[in-house]
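Next comes work21.txt, a file with compact mmCIF, C-alpha atoms and all ligand atoms.
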```
# COMPACT_ATOMS: atom_id res chain seq x y z
CA MET D 909 69.88 122.13 77.29
CA ALA D 910 72.57 122.07 74.58
CA ALA D 911 74.88 125.07 74.50
CA SER D 912 75.58 126.95 71.25
CA ARG D 913 77.04 124.41 68.75
CA THR D 914 77.90 124.30 65.06
CA LEU D 915 75.14 123.28 62.65
CA SER D 916 77.02 120.17 61.42
CA SER D 917 77.40 118.89 64.98
CA LEU D 918 73.62 119.28 65.36
CA ARG D 919 72.72 117.09 62.36
CA LEU D 920 71.02 113.81 63.22
CA PRO D 921 72.98 110.55 62.83
CA PRO D 922 71.72 108.02 60.20
CA LEU D 923 68.28 106.72 61.23
CA PRO D 924 65.60 104.50 59.71
CA THR D 925 63.51 106.58 57.29
CA VAL D 926 60.13 107.86 58.49
CA GLY D 927 58.47 105.32 56.17
CA GLU D 928 60.51 102.49 57.72
CA LEU D 929 59.57 103.75 61.17
CA LEU D 930 55.86 103.63 60.28
CA LYS D 931 56.34 100.00 59.20
CA LEU D 932 58.50 99.14 62.22
CA TYR D 933 55.87 100.34 64.69
CA ARG D 934 52.97 99.25 62.43
CA LEU D 935 51.55 102.77 62.45
CA ARG D 936 48.48 103.45 60.37
CA ALA D 937 46.94 106.89 60.06
CA LYS D 938 43.81 107.38 62.19
CA LYS D 939 41.10 109.29 60.41
CA GLN D 940 39.53 110.69 63.60
CA LEU D 941 42.87 112.36 64.43
CA SER D 942 43.18 113.76 60.87
CA GLN D 943 46.48 112.00 60.40
CA ASN D 944 48.12 112.70 57.04
CA PHE D 945 51.85 112.21 57.18
CA LEU D 946 54.58 114.08 55.35
CA LEU D 947 57.39 111.67 54.57
CA ASP D 948 59.28 113.79 52.00
CA LEU D 949 62.11 115.43 53.95
CA LYS D 950 62.66 118.00 51.17
CA LEU D 951 59.18 119.33 51.89
CA THR D 952 59.57 119.25 55.66
CA ASP D 953 62.95 121.05 55.27
CA LYS D 954 61.16 123.69 53.16
CA ILE D 955 58.53 124.27 55.87
CA VAL D 956 61.29 124.71 58.45
CA ARG D 957 63.24 127.14 56.21
CA ARG D 958 60.10 129.29 55.95
CA ALA D 959 59.78 129.27 59.73
CA GLY D 960 63.07 131.18 60.08
CA ASP D 961 66.52 130.61 61.55
CA MET D 962 66.40 127.52 63.77
CA LYS D 963 70.02 127.66 64.93
CA ASN D 964 70.02 127.21 68.71
CA ALA D 965 66.27 127.92 68.69
CA HIS D 966 63.55 126.80 71.08
CA VAL D 967 60.71 125.18 69.16
CA CYS D 968 57.30 123.77 70.02
CA GLU D 969 56.14 121.29 67.40
CA VAL D 970 52.43 120.52 67.27
CA GLY D 971 51.44 116.95 66.40
CA PRO D 972 54.82 115.49 65.37
CA GLY D 973 53.35 112.06 64.53
CA PRO D 974 56.05 109.86 62.98
CA GLY D 975 58.50 112.76 63.14
CA GLY D 976 59.33 113.87 59.57
CA LEU D 977 59.03 117.57 60.37
CA THR D 978 60.69 116.89 63.73
CA ARG D 979 63.83 115.64 61.94
CA SER D 980 63.96 118.74 59.77
CA ILE D 981 63.65 121.02 62.82
CA LEU D 982 66.52 119.18 64.52
CA ASN D 983 68.69 119.17 61.37
CA ALA D 984 68.16 122.92 61.06
CA GLY D 985 69.83 123.35 64.43
CA ALA D 986 67.09 123.71 67.06
CA THR D 987 68.59 122.90 70.45
CA ASP D 988 65.40 122.76 72.53
CA LEU D 989 62.49 121.06 70.79
CA LEU D 990 59.29 120.39 72.70
CA VAL D 991 56.90 118.11 70.82
CA VAL D 992 53.23 117.77 71.81
CA GLU D 993 51.58 114.61 70.47
CA LYS D 994 48.14 113.30 71.39
CA ASP D 995 48.44 109.77 69.98
CA SER D 996 50.49 107.49 72.24
CA ARG D 997 51.41 105.17 69.32
CA PHE D 998 53.97 107.77 68.16
CA ILE D 999 55.77 108.14 71.49
CA PRO D 1000 58.26 105.22 70.99
CA GLY D 1001 59.36 106.58 67.57
CA LEU D 1002 59.73 110.07 69.05
CA LYS D 1003 61.81 108.62 71.90
CA MET D 1004 64.14 107.11 69.30
CA LEU D 1005 64.56 110.56 67.73
CA SER D 1006 65.18 112.06 71.13
CA GLU D 1007 67.95 109.50 71.79
CA ALA D 1008 69.53 110.42 68.45
CA ALA D 1009 69.60 114.09 69.53
CA PRO D 1010 70.60 113.86 73.20
CA GLY D 1011 69.25 116.62 75.45
CA ARG D 1012 67.48 118.39 72.59
CA VAL D 1013 64.00 116.84 72.48
CA ARG D 1014 61.30 116.91 75.15
CA ILE D 1015 58.22 114.81 74.52
CA VAL D 1016 54.78 115.72 75.85
CA HIS D 1017 52.02 113.16 75.42
CA GLY D 1018 49.07 115.55 75.46
CA ASP D 1019 46.55 117.70 73.66
CA ILE D 1020 47.78 121.00 72.22
CA LEU D 1021 44.35 122.56 72.76
CA THR D 1022 44.85 122.31 76.53
CA TYR D 1023 48.65 122.12 76.92
CA ARG D 1024 50.13 125.18 78.71
CA VAL D 1025 52.82 126.31 76.25
CA ASP D 1026 53.49 129.24 78.60
CA ARG D 1027 54.96 126.74 81.09
CA GLY D 1028 56.97 124.79 78.51
CA PHE D 1029 60.00 127.08 78.14
CA PRO D 1030 62.28 129.01 80.51
CA ALA D 1031 61.17 132.58 81.25
CA SER D 1032 64.72 133.70 80.39
CA ILE D 1033 64.00 133.34 76.63
CA SER D 1034 61.30 136.06 76.80
CA LYS D 1035 61.69 139.27 74.81
CA PRO D 1036 59.75 142.49 75.46
CA TRP D 1037 56.79 142.75 73.08
CA GLU D 1038 58.15 145.85 71.32
CA GLU D 1039 61.45 144.14 70.49
CA GLU D 1040 62.34 141.45 67.94
CA PRO D 1041 60.48 138.13 68.35
CA PRO D 1042 62.02 135.70 70.88
CA ASN D 1043 64.09 132.74 69.63
CA LEU D 1044 60.99 130.54 70.02
CA HIS D 1045 59.02 129.13 67.12
CA ILE D 1046 55.82 127.15 66.92
CA ILE D 1047 55.74 124.81 63.96
CA GLY D 1048 53.22 122.19 63.00
CA ASN D 1049 51.64 120.14 60.30
CA LEU D 1050 48.38 120.43 62.14
CA PRO D 1051 45.48 118.06 62.17
CA PHE D 1052 42.85 119.86 60.05
CA SER D 1053 40.23 119.20 62.71
CA VAL D 1054 42.16 121.24 65.28
CA SER D 1055 43.83 123.86 63.11
CA THR D 1056 40.99 126.41 63.02
CA PRO D 1057 40.02 126.30 66.74
CA LEU D 1058 43.72 126.34 67.59
CA ILE D 1059 44.54 129.42 65.51
CA ILE D 1060 41.50 131.26 66.93
CA LYS D 1061 42.65 130.39 70.46
CA TRP D 1062 46.19 131.53 69.66
CA LEU D 1063 44.95 134.77 68.07
CA GLU D 1064 43.16 135.54 71.33
CA ASP D 1065 46.41 134.68 73.16
CA ILE D 1066 48.26 137.14 70.89
CA ALA D 1067 45.73 139.88 71.73
CA ASN D 1068 46.18 139.18 75.46
CA LYS D 1069 49.94 138.38 75.32
CA THR D 1070 49.24 135.05 77.02
CA GLY D 1071 50.05 131.37 76.28
CA PRO D 1072 52.92 131.03 73.77
CA PHE D 1073 52.94 134.84 73.51
CA SER D 1074 53.84 135.37 77.15
CA TYR D 1075 57.42 135.00 75.81
CA GLY D 1076 56.94 137.88 73.34
CA ARG D 1077 55.96 137.92 69.67
CA THR D 1078 56.46 134.16 69.10
CA GLN D 1079 56.25 133.27 65.39
CA LEU D 1080 54.00 130.51 64.11
CA THR D 1081 54.43 128.38 60.98
CA LEU D 1082 51.46 126.12 60.50
CA THR D 1083 49.74 124.11 57.83
CA PHE D 1084 46.07 124.47 57.01
CA GLN D 1085 43.73 123.05 54.49
CA LYS D 1086 44.36 125.27 51.43
CA GLU D 1087 40.96 126.96 51.57
CA VAL D 1088 41.56 128.01 55.21
CA ALA D 1089 45.09 129.21 54.35
CA GLU D 1090 43.55 131.38 51.59
CA ARG D 1091 41.03 132.85 54.01
CA LEU D 1092 43.74 133.66 56.56
CA THR D 1093 45.75 135.63 54.00
CA ALA D 1094 42.94 137.05 51.81
CA SER D 1095 43.13 140.76 51.01
CA THR D 1096 40.28 143.30 50.87
CA GLY D 1097 37.83 142.61 48.05
CA SER D 1098 38.93 139.04 47.38
CA ARG D 1099 36.46 136.19 47.23
CA GLN D 1100 38.11 134.42 50.20
CA ARG D 1101 37.96 137.48 52.46
CA SER D 1102 36.27 136.34 55.68
CA ARG D 1103 36.17 136.55 59.44
CA LEU D 1104 39.48 134.68 59.70
CA SER D 1105 41.20 137.20 57.38
CA ILE D 1106 40.32 140.13 59.64
CA MET D 1107 40.98 138.35 62.93
CA SER D 1108 44.43 137.15 61.84
CA GLN D 1109 45.52 140.27 59.95
CA TYR D 1110 44.57 142.83 62.58
CA LEU D 1111 46.92 141.05 64.99
CA CYS D 1112 49.68 139.61 62.78
CA THR D 1113 51.68 139.92 59.63
CA VAL D 1114 50.39 136.84 57.81
CA HIS D 1115 52.24 135.27 54.87
CA SER D 1116 51.16 132.44 52.67
CA CYS D 1117 54.45 130.51 52.20
CA PHE D 1118 53.61 127.78 49.67
CA THR D 1119 51.09 125.08 48.81
CA ILE D 1120 51.75 121.38 49.31
CA PRO D 1121 49.76 119.17 46.94
CA GLY D 1122 47.58 116.58 48.69
CA ARG D 1123 49.48 113.80 46.92
CA ALA D 1124 52.59 114.58 49.01
CA PHE D 1125 50.83 113.20 52.10
CA ILE D 1126 50.18 109.64 53.19
CA PRO D 1127 47.29 108.96 53.13
CA LYS D 1128 46.40 111.61 50.57
CA PRO D 1129 43.87 114.13 52.01
CA GLU D 1130 40.94 115.34 49.90
CA VAL D 1131 42.45 118.81 49.66
CA ASP D 1132 45.78 120.58 49.12
CA VAL D 1133 47.56 122.13 52.06
CA GLY D 1134 48.80 125.70 52.61
CA VAL D 1135 51.75 126.67 54.82
CA VAL D 1136 51.14 129.96 56.63
CA HIS D 1137 53.57 132.07 58.68
CA PHE D 1138 52.38 134.50 61.37
CA THR D 1139 54.39 137.18 63.17
CA PRO D 1140 52.40 139.07 65.85
CA LEU D 1141 52.37 142.85 65.25
CA VAL D 1142 53.90 145.14 67.87
CA THR D 1143 50.70 147.22 67.79
CA PRO D 1144 47.45 145.49 66.79
CA GLN D 1145 45.62 147.32 64.03
CA ILE D 1146 42.46 147.39 66.15
CA GLN D 1147 42.86 148.41 69.77
CA GLN D 1148 39.72 146.99 71.32
CA PRO D 1149 39.26 143.80 73.39
CA PHE D 1150 39.50 140.62 71.27
CA LYS D 1151 35.95 139.49 72.14
CA LEU D 1152 34.50 142.85 71.05
CA VAL D 1153 36.39 142.75 67.74
CA GLU D 1154 35.33 139.14 67.19
CA LYS D 1155 31.68 140.06 67.79
CA VAL D 1156 31.77 142.97 65.33
CA VAL D 1157 33.57 140.90 62.67
CA ARG D 1158 31.32 137.84 63.13
CA ASN D 1159 28.20 139.99 62.71
CA ALA D 1160 29.58 141.90 59.73
CA PHE D 1161 30.25 138.67 57.83
CA GLN D 1162 26.92 137.14 58.68
CA PHE D 1163 25.45 137.94 55.28
CA ARG D 1164 28.51 137.83 53.03
CA LYS D 1165 26.74 138.94 49.87
CA LYS D 1166 24.54 141.68 51.34
CA TYR D 1167 25.46 145.25 52.34
CA CYS D 1168 27.53 145.20 55.51
CA HIS D 1169 24.94 147.15 57.54
CA LYS D 1170 22.61 144.14 57.28
CA GLY D 1171 24.87 141.90 59.38
CA LEU D 1172 26.01 144.74 61.64
CA GLU D 1173 22.38 145.50 62.56
CA LYS D 1174 22.40 142.20 64.44
CA LEU D 1175 24.72 143.79 66.99
CA PHE D 1176 21.69 145.60 68.38
CA PRO D 1177 18.23 144.68 69.72
CA GLU D 1178 15.69 144.46 66.90
CA SER D 1179 13.64 147.46 68.05
CA ARG D 1180 16.62 149.87 67.70
CA CYS D 1181 18.90 148.14 65.24
CA VAL D 1182 18.38 150.49 62.28
CA GLU D 1183 18.85 153.68 64.31
CA LEU D 1184 21.94 152.41 66.22
CA THR D 1185 23.61 150.92 63.13
CA GLU D 1186 23.15 154.24 61.30
CA GLU D 1187 24.70 156.10 64.21
CA MET D 1188 27.61 153.60 64.43
CA MET D 1189 28.38 153.79 60.69
CA GLU D 1190 28.20 157.58 60.73
CA THR D 1191 30.59 157.83 63.69
CA ALA D 1192 32.90 155.33 61.97
CA ASP D 1193 32.57 157.18 58.64
CA VAL D 1194 32.21 153.86 56.79
CA ASP D 1195 29.83 153.37 53.86
CA PRO D 1196 27.08 150.98 55.06
CA LEU D 1197 26.52 149.91 51.46
CA LEU D 1198 29.91 148.19 51.17
CA ARG D 1199 29.87 144.38 51.17
CA PRO D 1200 31.62 142.78 54.17
CA THR D 1201 34.41 141.52 51.88
CA GLN D 1202 35.10 145.12 50.76
CA LEU D 1203 35.74 146.42 54.27
CA THR D 1204 39.39 147.17 55.04
CA ILE D 1205 40.98 146.62 58.44
CA PRO D 1206 40.94 150.41 59.10
CA ASN D 1207 37.18 150.26 58.32
CA PHE D 1208 36.79 147.47 60.90
CA ARG D 1209 38.89 149.49 63.36
CA ALA D 1210 36.56 152.49 62.95
CA ILE D 1211 33.42 150.33 63.29
CA ALA D 1212 34.80 148.53 66.39
CA ASN D 1213 35.70 151.90 67.96
CA ALA D 1214 32.26 153.33 67.21
CA TYR D 1215 30.58 150.19 68.60
CA ALA D 1216 32.73 150.38 71.77
CA GLN D 1217 31.69 154.04 72.15
CA LEU D 1218 28.00 153.08 71.95
CA CYS D 1219 28.58 150.31 74.51
CA THR D 1220 30.17 152.81 76.91
CA ARG D 1221 27.12 155.04 76.57
CA GLU D 1222 24.68 152.11 76.86
CA PRO D 1223 26.45 149.27 78.72
CA ASP D 1224 23.63 146.72 78.13
CA LEU D 1225 24.48 146.66 74.42
CA LEU D 1226 27.77 144.82 74.96
CA GLY D 1227 26.08 141.73 76.39
CA TYR D 1228 23.41 141.68 73.68
CA ASP D 1229 23.71 138.69 71.38
CA TYR D 1230 21.04 138.28 68.73
CA ARG D 1231 21.56 134.49 68.86
CA ASP D 1232 20.36 134.53 72.49
CA ALA D 1233 17.41 136.68 71.43
CA LEU D 1234 16.62 134.18 68.65
CA ARG D 1235 16.84 131.24 71.06
CA LEU D 1236 14.57 133.06 73.50
CA LYS D 1237 12.06 133.80 70.74
CA HIS D 1238 12.15 130.14 69.72
CA LEU D 1239 11.67 128.98 73.33
CA ASN D 1240 8.80 131.43 73.85
CA ARG D 1241 7.17 130.22 70.64
CA GLU D 1242 7.59 126.59 71.76
CA SER D 1243 6.32 127.23 75.26
CA SER D 1244 3.33 129.25 74.05
CA SER D 1245 2.39 126.50 71.58
CA GLN D 1246 2.78 123.95 74.41
CA THR D 1247 0.59 126.11 76.66
CA GLN D 1248 -1.95 126.33 73.85
CA ALA D 1249 -1.85 122.53 73.41
CA LEU D 1250 -2.31 122.05 77.16
CA MET D 1251 -5.22 124.47 77.13
CA ASP D 1252 -6.77 122.61 74.20
CA VAL D 1253 -6.36 119.31 76.02
CA SER D 1254 -7.75 120.64 79.27
CA GLU D 1255 -10.63 122.37 77.46
CA GLY D 1256 -11.31 119.11 75.60
CA ARG D 1257 -11.32 117.22 78.86
CA GLU D 1258 -13.64 119.74 80.38
CA SER D 1259 -16.07 119.40 77.51
CA HIS D 1260 -16.01 115.61 77.95
CA LEU D 1261 -16.88 115.93 81.57
N1 LIG D 1301 53.61 116.20 61.78
C1 LIG D 1301 53.40 114.87 61.23
C2 LIG D 1301 53.76 114.85 59.77
O1 LIG D 1301 53.90 115.94 59.20
O2 LIG D 1301 53.85 113.79 59.20
C3 LIG D 1301 51.99 114.36 61.47
C4 LIG D 1301 50.91 115.19 60.89
S1 LIG D 1301 49.28 114.64 61.17
C5 LIG D 1301 48.40 115.69 60.02
C6 LIG D 1301 48.77 115.40 62.67
C7 LIG D 1301 49.38 114.86 63.95
O3 LIG D 1301 48.81 115.59 65.05
C8 LIG D 1301 49.09 113.41 64.27
O4 LIG D 1301 50.26 112.80 64.72
C9 LIG D 1301 48.03 113.44 65.37
O5 LIG D 1301 48.08 112.34 66.25
C10 LIG D 1301 48.41 114.70 66.09
N2 LIG D 1301 47.31 115.33 66.83
C11 LIG D 1301 45.99 115.34 66.50
N3 LIG D 1301 45.30 116.10 67.36
C12 LIG D 1301 46.19 116.57 68.26
C13 LIG D 1301 46.08 117.42 69.39
N4 LIG D 1301 44.90 117.93 69.76
N5 LIG D 1301 47.20 117.69 70.09
C14 LIG D 1301 48.39 117.18 69.71
N6 LIG D 1301 48.56 116.38 68.64
C15 LIG D 1301 47.47 116.08 67.92
```
Using the file provided, produce a representation of the structure as structure tokens.
Amino acid sequence: MAASRTLSSLRLPPLPTVGELLKLYRLRAKKQLSQNFLLDLKLTDKIVRRAGDMKNAHVCEVGPGPGGLTRSILNAGATDLLVVEKDSRFIPGLKMLSEAAPGRVRIVHGDILTYRVDRGFPASISKPWEEEPPNLHIIGNLPFSVSTPLIIKWLEDIANKTGPFSYGRTQLTLTFQKEVAERLTASTGSRQRSRLSIMSQYLCTVHSCFTIPGRAFIPKPEVDVGVVHFTPLVTPQIQQPFKLVEKVVRNAFQFRKKYCHKGLEKLFPESRCVELTEEMMETADVDPLLRPTQLTIPNFRAIANAYAQLCTREPDLLGYDYRDALRLKHLNRESSSQTQALMDVSEGRESHL
């Protein structure tokens, strides 16, 4: 690994442009991998500036593709860059970049959804959770198709201090389709306020950095793109297990336009849902007639705490999922109509005999 060096000595030597590289290796974007490339180095530099100080940093770049963002990360002074790319067609171009920055780039041909980031960097870079974030950044112009499942997985990792967050409060700078970026950063009462807003903001400080117009990408996606920066909070705003918080939030947003108690009732078996929801909202001291989008994170904290209290008193509640109950109802209905049909057939047969 490169020792501490000056920024100018870390700048890349002259290389073919990213556009030339795409031509050289005859690389066309693959739709099923959501490939939209950023070739404008001013924009990739801007993303990296928003990520923070890269000097002598450790970085994990998600989906480097032809390497535009990769160049900006290297030019900003990162000395240990691990890139994770699923599409083997980009590996030769990434190897060329790695040769231009000796000892600074490690290439993983793999899937970021399964790659163990917690094994990718030396344990010595870790910082205690309560301290400043470690000198490790995750940066990526993510494929849209993986960005949402990936951020949900990483939010759970933040809650559990696992994966990339086993090193401490690792910062993330990621691109999302603009609408998703708006949901991640939406404040109480706004139209975009959703499940993702609560899940990300109870665990992180979330900043919307800037919007990149779709026309800056090749090929041009249907939508504009938002760059979002996340710094995990020292103390999460809700101190309950991630899965419990997720369940409460998912149910609350089930009927976006109705009073929040409507969705929250689905936390409980049908026969007792009104009574238990009333008790939960009273304990939480939250107005059940607020719309889900009007609930603040402290409101969600109070509801999650009250729900956890009910689950301690009645442990069966925790495992209750109304979707299972619905499926069961559906199956019962199907099997009873099949039984009826069989009875009809057998009765018919009997009458023919
Ligand atoms: N970062 C490049 C840029 O800005 O031009 C490419 C961006 S393109 C939107 C997304 C990249 O992620 C592609 O190179 C694609 O092959 C890669 N990719 C898609 N799914 C992936 C996954 N699950 N793990 C790692 N890379 C993935």
Hey, which residues sit close to ligand LIG 1301 (chain D)? Say within 7 Å, counting all atoms listed in the file, and write them as a PyMOL selection string.
chain D and resi 941-947+970-977+992-995+1018-1021+1048-1052+1054
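Every protein, DNA or RNA residue with an atom at most 9 Å from stretch 1186-1197 of chain D, where all atoms listed in the file count and chain neighbours fewer than 3 positions away do not, is listed here: Lys1166, Tyr1167, Cys1168, His1169, Lys1170, Glu1173, Cys1181, Val1182, Glu1183, Leu1203, Asn1207, Phe1208, Arg1209, Ala1210, Ile1211, Ala1212, Asn1213, Ala1214, Tyr1215, Gln1217 and Leu1218 of chain D.
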Expected file: the selected residues, C-alpha atoms, as a CSV table (one decimal), in the coordinates of the input:
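For reference, result-v2.csv as written:
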```csv
chain,number,residue,atom,x,y,z
D,1166,LYS,CA,24.5,141.7,51.3
D,1167,TYR,CA,25.5,145.2,52.3
D,1168,CYS,CA,27.5,145.2,55.5
D,1169,HIS,CA,24.9,147.2,57.5
D,1170,LYS,CA,22.6,144.1,57.3
D,1173,GLU,CA,22.4,145.5,62.6
D,1181,CYS,CA,18.9,148.1,65.2
D,1182,VAL,CA,18.4,150.5,62.3
D,1183,GLU,CA,18.8,153.7,64.3
D,1203,LEU,CA,35.7,146.4,54.3
D,1207,ASN,CA,37.2,150.3,58.3
D,1208,PHE,CA,36.8,147.5,60.9
D,1209,ARG,CA,38.9,149.5,63.4
D,1210,ALA,CA,36.6,152.5,63.0
D,1211,ILE,CA,33.4,150.3,63.3
D,1212,ALA,CA,34.8,148.5,66.4
D,1213,ASN,CA,35.7,151.9,68.0
D,1214,ALA,CA,32.3,153.3,67.2
D,1215,TYR,CA,30.6,150.2,68.6
D,1217,GLN,CA,31.7,154.0,72.2
D,1218,LEU,CA,28.0,153.1,72.0
```
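Taking atom CA of D:Asp988 and atom CA of D:Ile1046 as endpoints, the distance between them is 11.9 Å.
Each of D:Leu1141, D:Leu929, D:Leu935, D:Leu1172 was compared to D:Pro1127 using only C-alpha atoms, and D:Leu935 turns out to be the nearest.
You will find atom CA of D:Leu1236 at 13.2 Å from atom CA of D:Glu1178.
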Could you work out how far atom CA of D:Gln1145 lies from atom CA of D:Gly1097, giving the answer in Å with one decimal?
18.4 Å
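Distances from D:Leu989, D:Leu1092, D:Leu1175, D:Val1156 to D:Ser1105 were compared using all atoms listed in the file, and the smallest one belongs to D:Leu1092.
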